[in-house]
Amino acid sequence: MLLLLRGVSLRCWLTLATGLVECLFFTGVVYGWPSLVFILKASGYFSDQCENATEPNGTQYMDCSKQDELFSLDFTIASFLQRFIGLLSGFLFDRFGTMATRLLAITLYTTGTLMIAFSHPDISFILFPGLSFIAFGGIMLILTNIQVGNLFHAHRSTISTLYFGAYISSAIIFLIVKVAFENGISLQHAFFFLSACSIIHLMRTFILMPKMHIPYPLPEGYTYGPNCGQTKCNTCCFPKRTRDNTEPVQGEEGIENATSEQGNPQQTPQTVDSFKQCVLSCFFLWHLVWSSVMALRISLFIGTLNPMLTQLAHGDTAQVSHYTNIFAYTQFCGILCAPLNGLIIDRFKGKQRAPGETEEESNLRSVVLSLFLTALQCLLFSICATIPVLPLQYLTFVLQVFALSFGVGGNAAFISIVFPVCHFGKLNGVVNAVLSVVLLLQFPCIILVNEVLDGDPLYINIALCILCLAPFIHPAYVYIRWRRLANQRRHSAHPSPNDEHAFSGDNEDQPQDVPGSS
């Protein structure tokens, strides 16, 4: 489909470009937490938690494990609330639309940056709400940007994963703050600047984003923004239910109208599962396992990176700073890694269907490889992170950013492809809510390492490596389901003589199962 009118096409490209900038510089800055921790430690935040200690050989040293626990707790709480708020923001986005969600996101984000801007070591605990509000605002902004992919039908998954890659790459912002701090610019001035940038978000909200939603597929003549028409703006994302409690499809074949203005049927509507049916499906439940395990492993690594590097570098601050910078640089490469996942999905999605192949078969076929590669990357990353060799962490950082980029982008792509588009915000919110509970396990793991294992995370890391085998179940289940549907289709196209006899005579009027109808 052409991108409609010339003016609207220009607006589409501007929306895409400004959305990429917004995701790249603002939405996922919390992933740069290790860089910010380095600044906070140098500034004396939570320094009252450090105390003198004595090693077995009598050597005196400063024990700051309690300080590290508080920094890790701050990141854990922010990660939990970020995901939990994802559930509420998903329902808010589906119910009230883009503008309301973005205004709330901008308010939270600005509040968080101002809190850190006004913070100092005497009121260190203001970091807890400050980082959490920044995380809230970021996840809500990325949620409103994902729909931009609907403007570009053939590259929908690629754009979605590109945005999520930019979301991960925004970790570079805290590295920039760190470099500025080392060159004499205070932490407070840096965060005042980030607060002022909220003006950009407001301008984009009112000029280049719809008030409600960008539908998929785009209705003919659709436009959005301040000059949109009377009838084609902001198509409703809450279709009326049919008598069997299902909803008309808003899928690739267009938006079906069940009845005319007089109530007479115009055509038979396609139907999709309700929200409850989607949540209780095996696809979604295994997707929760896939997402939860990888999110826990990656978040625990990010939250404990600074103390881990300090331990491996034997307290050498220069080496810790160097590896922290390298970590941030690799995170920035997320914008290059994530679109690879989208290209894989779009490549398989764009293949010509076999005769009789259903939409469900095509959808499942397109995501199998993506799910498998993401699980494999997470397992390899976890194994490298377990080996306590400092130079090996270069490879660990690379594998981590691949796993994170593929995981975050793949989650949104899987939900948008396999489930009805009208449930995207809610299903994405449910995933985030479940992840928020799972991510609370980070802090008990940290306490276990510090209090029981004497600071040695080896056994926890081995347990996490074993746990990282669980995500492979998800692509295996999707593959088996896809093959089963394909076999049913081939069986229906070329029935055996016994089958023909079974469906003759008294049985010829009995309905046959449609592949993928369950």
# chains A, B, ... in the order shown; residues from 1 in each chain; ligands from 1
$ residues_around --residues "Asp48 in chain A" --least-positions-apart "5" --cutoff "12 Å" --atoms "only C-alpha atoms" --output "PyMOL selection string"
chain A and resi 41+62-68+70+121-124
$ write_last_selection --atoms "N, CA and C atoms" --output "mmCIF file, in the first residue's frame"
data_model
loop_
_atom_site.group_PDB
_atom_site.id
_atom_site.type_symbol
_atom_site.label_atom_id
_atom_site.label_comp_id
_atom_site.auth_asym_id
_atom_site.auth_seq_id
_atom_site.Cartn_x
_atom_site.Cartn_y
_atom_site.Cartn_z
ATOM 1 N N LYS A 41 28.899 6.899 43.500
ATOM 2 C CA LYS A 41 29.913 6.486 44.473
ATOM 3 C C LYS A 41 30.971 7.569 44.659
ATOM 4 N N MET A 62 38.198 -0.853 53.432
ATOM 5 C CA MET A 62 36.872 -0.247 53.548
ATOM 6 C C MET A 62 35.835 -1.177 52.921
ATOM 7 N N ASP A 63 34.912 -1.664 53.724
ATOM 8 C CA ASP A 63 33.867 -2.573 53.252
ATOM 9 C C ASP A 63 32.634 -1.754 52.863
ATOM 10 N N CYS A 64 32.340 -1.721 51.569
ATOM 11 C CA CYS A 64 31.197 -0.947 51.059
ATOM 12 C C CYS A 64 30.114 -1.857 50.486
ATOM 13 N N SER A 65 30.031 -3.091 50.971
ATOM 14 C CA SER A 65 29.036 -4.033 50.450
ATOM 15 C C SER A 65 27.616 -3.550 50.730
ATOM 16 N N LYS A 66 27.403 -2.878 51.885
ATOM 17 C CA LYS A 66 26.071 -2.350 52.183
ATOM 18 C C LYS A 66 25.696 -1.240 51.203
ATOM 19 N N GLN A 67 26.684 -0.438 50.836
ATOM 20 C CA GLN A 67 26.445 0.606 49.837
ATOM 21 C C GLN A 67 26.061 -0.020 48.501
ATOM 22 N N ASP A 68 26.782 -1.066 48.093
ATOM 23 C CA ASP A 68 26.465 -1.756 46.840
ATOM 24 C C ASP A 68 25.065 -2.361 46.876
ATOM 25 N N LEU A 70 22.483 -1.191 48.501
ATOM 26 C CA LEU A 70 21.489 -0.134 48.328
ATOM 27 C C LEU A 70 21.390 0.309 46.874
ATOM 28 N N PRO A 121 24.313 13.911 48.480
ATOM 29 C CA PRO A 121 24.592 12.752 49.341
ATOM 30 C C PRO A 121 23.824 12.742 50.656
ATOM 31 N N ASP A 122 23.441 13.913 51.193
ATOM 32 C CA ASP A 122 22.720 13.935 52.465
ATOM 33 C C ASP A 122 21.288 13.421 52.335
ATOM 34 N N ILE A 123 20.749 13.458 51.125
ATOM 35 C CA ILE A 123 19.398 12.916 50.893
ATOM 36 C C ILE A 123 19.484 11.866 49.780
ATOM 37 N N SER A 124 20.363 10.888 49.997
ATOM 38 C CA SER A 124 20.613 9.866 48.973
ATOM 39 C C SER A 124 19.365 9.076 48.613
#
$ residues_around --residues "range 142-154 of chain A" --least-positions-apart "4" --cutoff "6 Å" --atoms "only C-alpha atoms" --output "ChimeraX atom specification"
/A:98,159-160,216
$ residues_around --residues "range 170-176 of chain A" --least-positions-apart "2" --cutoff "8 Å" --atoms "only C-alpha atoms" --output "number ranges by chain"
A: 23-33, 35-36, 166-168, 178-180, 325, 328-329, 331-332
$ write_last_selection --atoms "N, CA, C and O atoms" --output "compact mmCIF listing (two decimals), in the first residue's frame"
# COMPACT_ATOMS: atom_id res chain seq x y z
N CYS A 23 13.51 7.54 21.39
CA CYS A 23 13.85 6.25 22.00
C CYS A 23 15.34 6.15 22.30
O CYS A 23 15.74 5.58 23.33
N LEU A 24 16.16 6.72 21.42
CA LEU A 24 17.61 6.59 21.54
C LEU A 24 18.17 7.40 22.70
O LEU A 24 19.14 6.98 23.33
N PHE A 25 17.56 8.52 23.03
CA PHE A 25 18.16 9.41 24.02
C PHE A 25 17.39 9.51 25.33
O PHE A 25 17.89 10.15 26.27
N PHE A 26 16.21 8.89 25.43
CA PHE A 26 15.42 9.14 26.64
C PHE A 26 14.77 7.89 27.26
O PHE A 26 14.63 7.84 28.48
N THR A 27 14.35 6.93 26.48
CA THR A 27 13.42 5.94 27.01
C THR A 27 14.05 4.89 27.92
O THR A 27 13.46 4.49 28.91
N GLY A 28 15.25 4.41 27.60
CA GLY A 28 15.84 3.31 28.36
C GLY A 28 17.12 3.68 29.08
O GLY A 28 18.01 2.83 29.22
N VAL A 29 17.21 4.91 29.56
CA VAL A 29 18.45 5.36 30.19
C VAL A 29 18.80 4.54 31.43
O VAL A 29 19.96 4.49 31.84
N VAL A 30 17.81 3.89 32.06
CA VAL A 30 18.10 3.10 33.27
C VAL A 30 19.05 1.95 32.99
O VAL A 30 19.72 1.45 33.91
N TYR A 31 19.15 1.51 31.72
CA TYR A 31 20.08 0.44 31.39
C TYR A 31 21.54 0.90 31.49
O TYR A 31 22.45 0.08 31.48
N GLY A 32 21.74 2.20 31.60
CA GLY A 32 23.08 2.73 31.83
C GLY A 32 23.39 2.92 33.31
O GLY A 32 24.33 3.64 33.66
N TRP A 33 22.64 2.24 34.16
CA TRP A 33 22.78 2.35 35.61
C TRP A 33 24.23 2.18 36.10
O TRP A 33 24.68 2.93 36.97
N SER A 35 27.01 3.13 34.85
CA SER A 35 27.73 4.39 34.67
C SER A 35 27.30 5.41 35.72
O SER A 35 28.13 6.15 36.27
N LEU A 36 26.01 5.45 36.02
CA LEU A 36 25.53 6.40 37.02
C LEU A 36 26.01 6.01 38.42
O LEU A 36 26.33 6.88 39.24
N ALA A 166 16.96 1.09 19.96
CA ALA A 166 17.26 2.45 20.41
C ALA A 166 16.96 2.62 21.88
O ALA A 166 17.69 3.32 22.61
N TYR A 167 15.91 1.98 22.35
CA TYR A 167 15.54 2.00 23.78
C TYR A 167 16.69 1.46 24.63
O TYR A 167 17.06 2.04 25.66
N ILE A 168 17.30 0.37 24.20
CA ILE A 168 18.43 -0.22 24.93
C ILE A 168 19.66 0.67 24.79
O ILE A 168 20.42 0.88 25.75
N LYS A 178 28.48 10.55 32.76
CA LYS A 178 29.71 10.16 33.47
C LYS A 178 30.93 10.89 32.90
O LYS A 178 31.76 11.43 33.65
N VAL A 179 31.04 10.92 31.58
CA VAL A 179 32.17 11.61 30.95
C VAL A 179 32.11 13.11 31.25
O VAL A 179 33.13 13.75 31.53
N ALA A 180 30.91 13.68 31.22
CA ALA A 180 30.76 15.10 31.55
C ALA A 180 31.15 15.36 33.00
O ALA A 180 31.80 16.38 33.31
N ASN A 325 32.76 1.89 30.98
CA ASN A 325 32.62 2.61 29.71
C ASN A 325 32.40 1.64 28.55
O ASN A 325 31.55 1.88 27.67
N ALA A 328 28.87 0.44 28.49
CA ALA A 328 27.94 1.43 27.94
C ALA A 328 28.07 1.52 26.42
O ALA A 328 27.07 1.66 25.71
N TYR A 329 29.30 1.42 25.90
CA TYR A 329 29.48 1.46 24.45
C TYR A 329 28.78 0.27 23.78
O TYR A 329 28.15 0.42 22.72
N GLN A 331 26.22 -1.36 24.98
CA GLN A 331 24.78 -1.14 25.08
C GLN A 331 24.29 -0.24 23.96
O GLN A 331 23.20 -0.43 23.42
N PHE A 332 25.10 0.73 23.59
CA PHE A 332 24.71 1.64 22.51
C PHE A 332 24.53 0.89 21.19
O PHE A 332 23.77 1.32 20.33
$ closest_residue --among "A:Arg483, A:His474, A:His287, A:His322" --to "Leu376 in chain A" --atoms "only C-alpha atoms"
A:His474
$ decode --residues "range 337-349 of chain A" --atoms "all heavy atoms" --output "PDB file, in the first residue's frame"
ATOM      1  N   CYS A 337      21.819  -4.087  16.820  1.00  0.00           N
ATOM      2  CA  CYS A 337      21.519  -5.512  17.025  1.00  0.00           C
ATOM      3  C   CYS A 337      20.035  -5.821  16.884  1.00  0.00           C
ATOM      4  O   CYS A 337      19.651  -6.803  16.243  1.00  0.00           O
ATOM      5  CB  CYS A 337      22.004  -5.960  18.408  1.00  0.00           C
ATOM      6  SG  CYS A 337      23.752  -5.700  18.720  1.00  0.00           S
ATOM      7  N   ALA A 338      19.191  -5.004  17.509  1.00  0.00           N
ATOM      8  CA  ALA A 338      17.759  -5.298  17.561  1.00  0.00           C
ATOM      9  C   ALA A 338      17.098  -5.410  16.191  1.00  0.00           C
ATOM     10  O   ALA A 338      16.279  -6.311  15.969  1.00  0.00           O
ATOM     11  CB  ALA A 338      17.044  -4.254  18.419  1.00  0.00           C
ATOM     12  N   PRO A 339      17.410  -4.516  15.214  1.00  0.00           N
ATOM     13  CA  PRO A 339      16.750  -4.655  13.909  1.00  0.00           C
ATOM     14  C   PRO A 339      17.068  -5.968  13.203  1.00  0.00           C
ATOM     15  O   PRO A 339      16.297  -6.390  12.332  1.00  0.00           O
ATOM     16  CB  PRO A 339      17.300  -3.460  13.116  1.00  0.00           C
ATOM     17  CG  PRO A 339      17.705  -2.473  14.137  1.00  0.00           C
ATOM     18  CD  PRO A 339      18.199  -3.278  15.288  1.00  0.00           C
ATOM     19  N   LEU A 340      18.180  -6.625  13.563  1.00  0.00           N
ATOM     20  CA  LEU A 340      18.473  -7.926  12.958  1.00  0.00           C
ATOM     21  C   LEU A 340      17.365  -8.918  13.269  1.00  0.00           C
ATOM     22  O   LEU A 340      16.979  -9.728  12.426  1.00  0.00           O
ATOM     23  CB  LEU A 340      19.821  -8.452  13.473  1.00  0.00           C
ATOM     24  CG  LEU A 340      21.054  -7.605  13.134  1.00  0.00           C
ATOM     25  CD1 LEU A 340      22.297  -8.221  13.764  1.00  0.00           C
ATOM     26  CD2 LEU A 340      21.225  -7.499  11.625  1.00  0.00           C
ATOM     27  N   ASN A 341      16.850  -8.836  14.494  1.00  0.00           N
ATOM     28  CA  ASN A 341      15.743  -9.718  14.869  1.00  0.00           C
ATOM     29  C   ASN A 341      14.500  -9.397  14.046  1.00  0.00           C
ATOM     30  O   ASN A 341      13.804 -10.302  13.565  1.00  0.00           O
ATOM     31  CB  ASN A 341      15.455  -9.556  16.360  1.00  0.00           C
ATOM     32  CG  ASN A 341      14.590 -10.667  16.918  1.00  0.00           C
ATOM     33  OD1 ASN A 341      14.423 -11.717  16.292  1.00  0.00           O
ATOM     34  ND2 ASN A 341      14.042 -10.453  18.092  1.00  0.00           N
ATOM     35  N   GLY A 342      14.220  -8.103  13.881  1.00  0.00           N
ATOM     36  CA  GLY A 342      13.069  -7.720  13.069  1.00  0.00           C
ATOM     37  C   GLY A 342      13.220  -8.141  11.620  1.00  0.00           C
ATOM     38  O   GLY A 342      12.245  -8.564  10.979  1.00  0.00           O
ATOM     39  N   LEU A 343      14.439  -8.043  11.084  1.00  0.00           N
ATOM     40  CA  LEU A 343      14.677  -8.474   9.709  1.00  0.00           C
ATOM     41  C   LEU A 343      14.450  -9.972   9.554  1.00  0.00           C
ATOM     42  O   LEU A 343      13.920 -10.440   8.531  1.00  0.00           O
ATOM     43  CB  LEU A 343      16.107  -8.115   9.295  1.00  0.00           C
ATOM     44  CG  LEU A 343      16.393  -6.622   9.090  1.00  0.00           C
ATOM     45  CD1 LEU A 343      17.883  -6.387   8.892  1.00  0.00           C
ATOM     46  CD2 LEU A 343      15.599  -6.092   7.901  1.00  0.00           C
ATOM     47  N   ILE A 344      14.861 -10.753  10.549  1.00  0.00           N
ATOM     48  CA  ILE A 344      14.628 -12.199  10.513  1.00  0.00           C
ATOM     49  C   ILE A 344      13.134 -12.492  10.467  1.00  0.00           C
ATOM     50  O   ILE A 344      12.659 -13.303   9.669  1.00  0.00           O
ATOM     51  CB  ILE A 344      15.286 -12.880  11.730  1.00  0.00           C
ATOM     52  CG1 ILE A 344      16.808 -12.819  11.621  1.00  0.00           C
ATOM     53  CG2 ILE A 344      14.827 -14.334  11.849  1.00  0.00           C
ATOM     54  CD1 ILE A 344      17.526 -13.286  12.865  1.00  0.00           C
ATOM     55  N   ILE A 345      12.376 -11.813  11.336  1.00  0.00           N
ATOM     56  CA  ILE A 345      10.927 -12.041  11.385  1.00  0.00           C
ATOM     57  C   ILE A 345      10.266 -11.607  10.084  1.00  0.00           C
ATOM     58  O   ILE A 345       9.446 -12.342   9.504  1.00  0.00           O
ATOM     59  CB  ILE A 345      10.317 -11.298  12.588  1.00  0.00           C
ATOM     60  CG1 ILE A 345      10.856 -11.883  13.898  1.00  0.00           C
ATOM     61  CG2 ILE A 345       8.794 -11.376  12.562  1.00  0.00           C
ATOM     62  CD1 ILE A 345      10.436 -11.101  15.135  1.00  0.00           C
ATOM     63  N   ASP A 346      10.603 -10.393   9.621  1.00  0.00           N
ATOM     64  CA  ASP A 346       9.992  -9.899   8.380  1.00  0.00           C
ATOM     65  C   ASP A 346      10.384 -10.758   7.173  1.00  0.00           C
ATOM     66  O   ASP A 346       9.604 -10.909   6.231  1.00  0.00           O
ATOM     67  CB  ASP A 346      10.407  -8.451   8.135  1.00  0.00           C
ATOM     68  CG  ASP A 346       9.662  -7.469   9.030  1.00  0.00           C
ATOM     69  OD1 ASP A 346       8.565  -7.827   9.497  1.00  0.00           O
ATOM     70  OD2 ASP A 346      10.179  -6.362   9.261  1.00  0.00           O
ATOM     71  N   ARG A 347      11.598 -11.309   7.193  1.00  0.00           N
ATOM     72  CA  ARG A 347      12.056 -12.177   6.102  1.00  0.00           C
ATOM     73  C   ARG A 347      11.162 -13.404   5.979  1.00  0.00           C
ATOM     74  O   ARG A 347      10.700 -13.750   4.888  1.00  0.00           O
ATOM     75  CB  ARG A 347      13.495 -12.593   6.369  1.00  0.00           C
ATOM     76  CG  ARG A 347      14.023 -13.698   5.494  1.00  0.00           C
ATOM     77  CD  ARG A 347      14.526 -13.189   4.175  1.00  0.00           C
ATOM     78  NE  ARG A 347      15.154 -14.233   3.392  1.00  0.00           N
ATOM     79  CZ  ARG A 347      15.631 -14.059   2.182  1.00  0.00           C
ATOM     80  NH1 ARG A 347      15.574 -12.858   1.627  1.00  0.00           N
ATOM     81  NH2 ARG A 347      16.184 -15.049   1.520  1.00  0.00           N
ATOM     82  N   PHE A 348      10.905 -14.059   7.112  1.00  0.00           N
ATOM     83  CA  PHE A 348      10.052 -15.252   7.080  1.00  0.00           C
ATOM     84  C   PHE A 348       8.586 -14.878   6.890  1.00  0.00           C
ATOM     85  O   PHE A 348       7.832 -15.605   6.228  1.00  0.00           O
ATOM     86  CB  PHE A 348      10.225 -16.049   8.380  1.00  0.00           C
ATOM     87  CG  PHE A 348      11.484 -16.868   8.422  1.00  0.00           C
ATOM     88  CD1 PHE A 348      12.641 -16.356   8.965  1.00  0.00           C
ATOM     89  CD2 PHE A 348      11.518 -18.157   7.895  1.00  0.00           C
ATOM     90  CE1 PHE A 348      13.814 -17.090   8.994  1.00  0.00           C
ATOM     91  CE2 PHE A 348      12.675 -18.905   7.918  1.00  0.00           C
ATOM     92  CZ  PHE A 348      13.830 -18.377   8.463  1.00  0.00           C
ATOM     93  N   LYS A 349       8.186 -13.744   7.456  1.00  0.00           N
ATOM     94  CA  LYS A 349       6.804 -13.297   7.302  1.00  0.00           C
ATOM     95  C   LYS A 349       6.498 -12.931   5.860  1.00  0.00           C
ATOM     96  O   LYS A 349       5.378 -13.126   5.370  1.00  0.00           O
ATOM     97  CB  LYS A 349       6.565 -12.086   8.210  1.00  0.00           C
ATOM     98  CG  LYS A 349       5.162 -11.524   8.184  1.00  0.00           C
ATOM     99  CD  LYS A 349       4.183 -12.440   8.866  1.00  0.00           C
ATOM    100  CE  LYS A 349       2.795 -11.793   8.935  1.00  0.00           C
ATOM    101  NZ  LYS A 349       1.776 -12.722   9.414  1.00  0.00           N
TER     102      LYS A 349
END
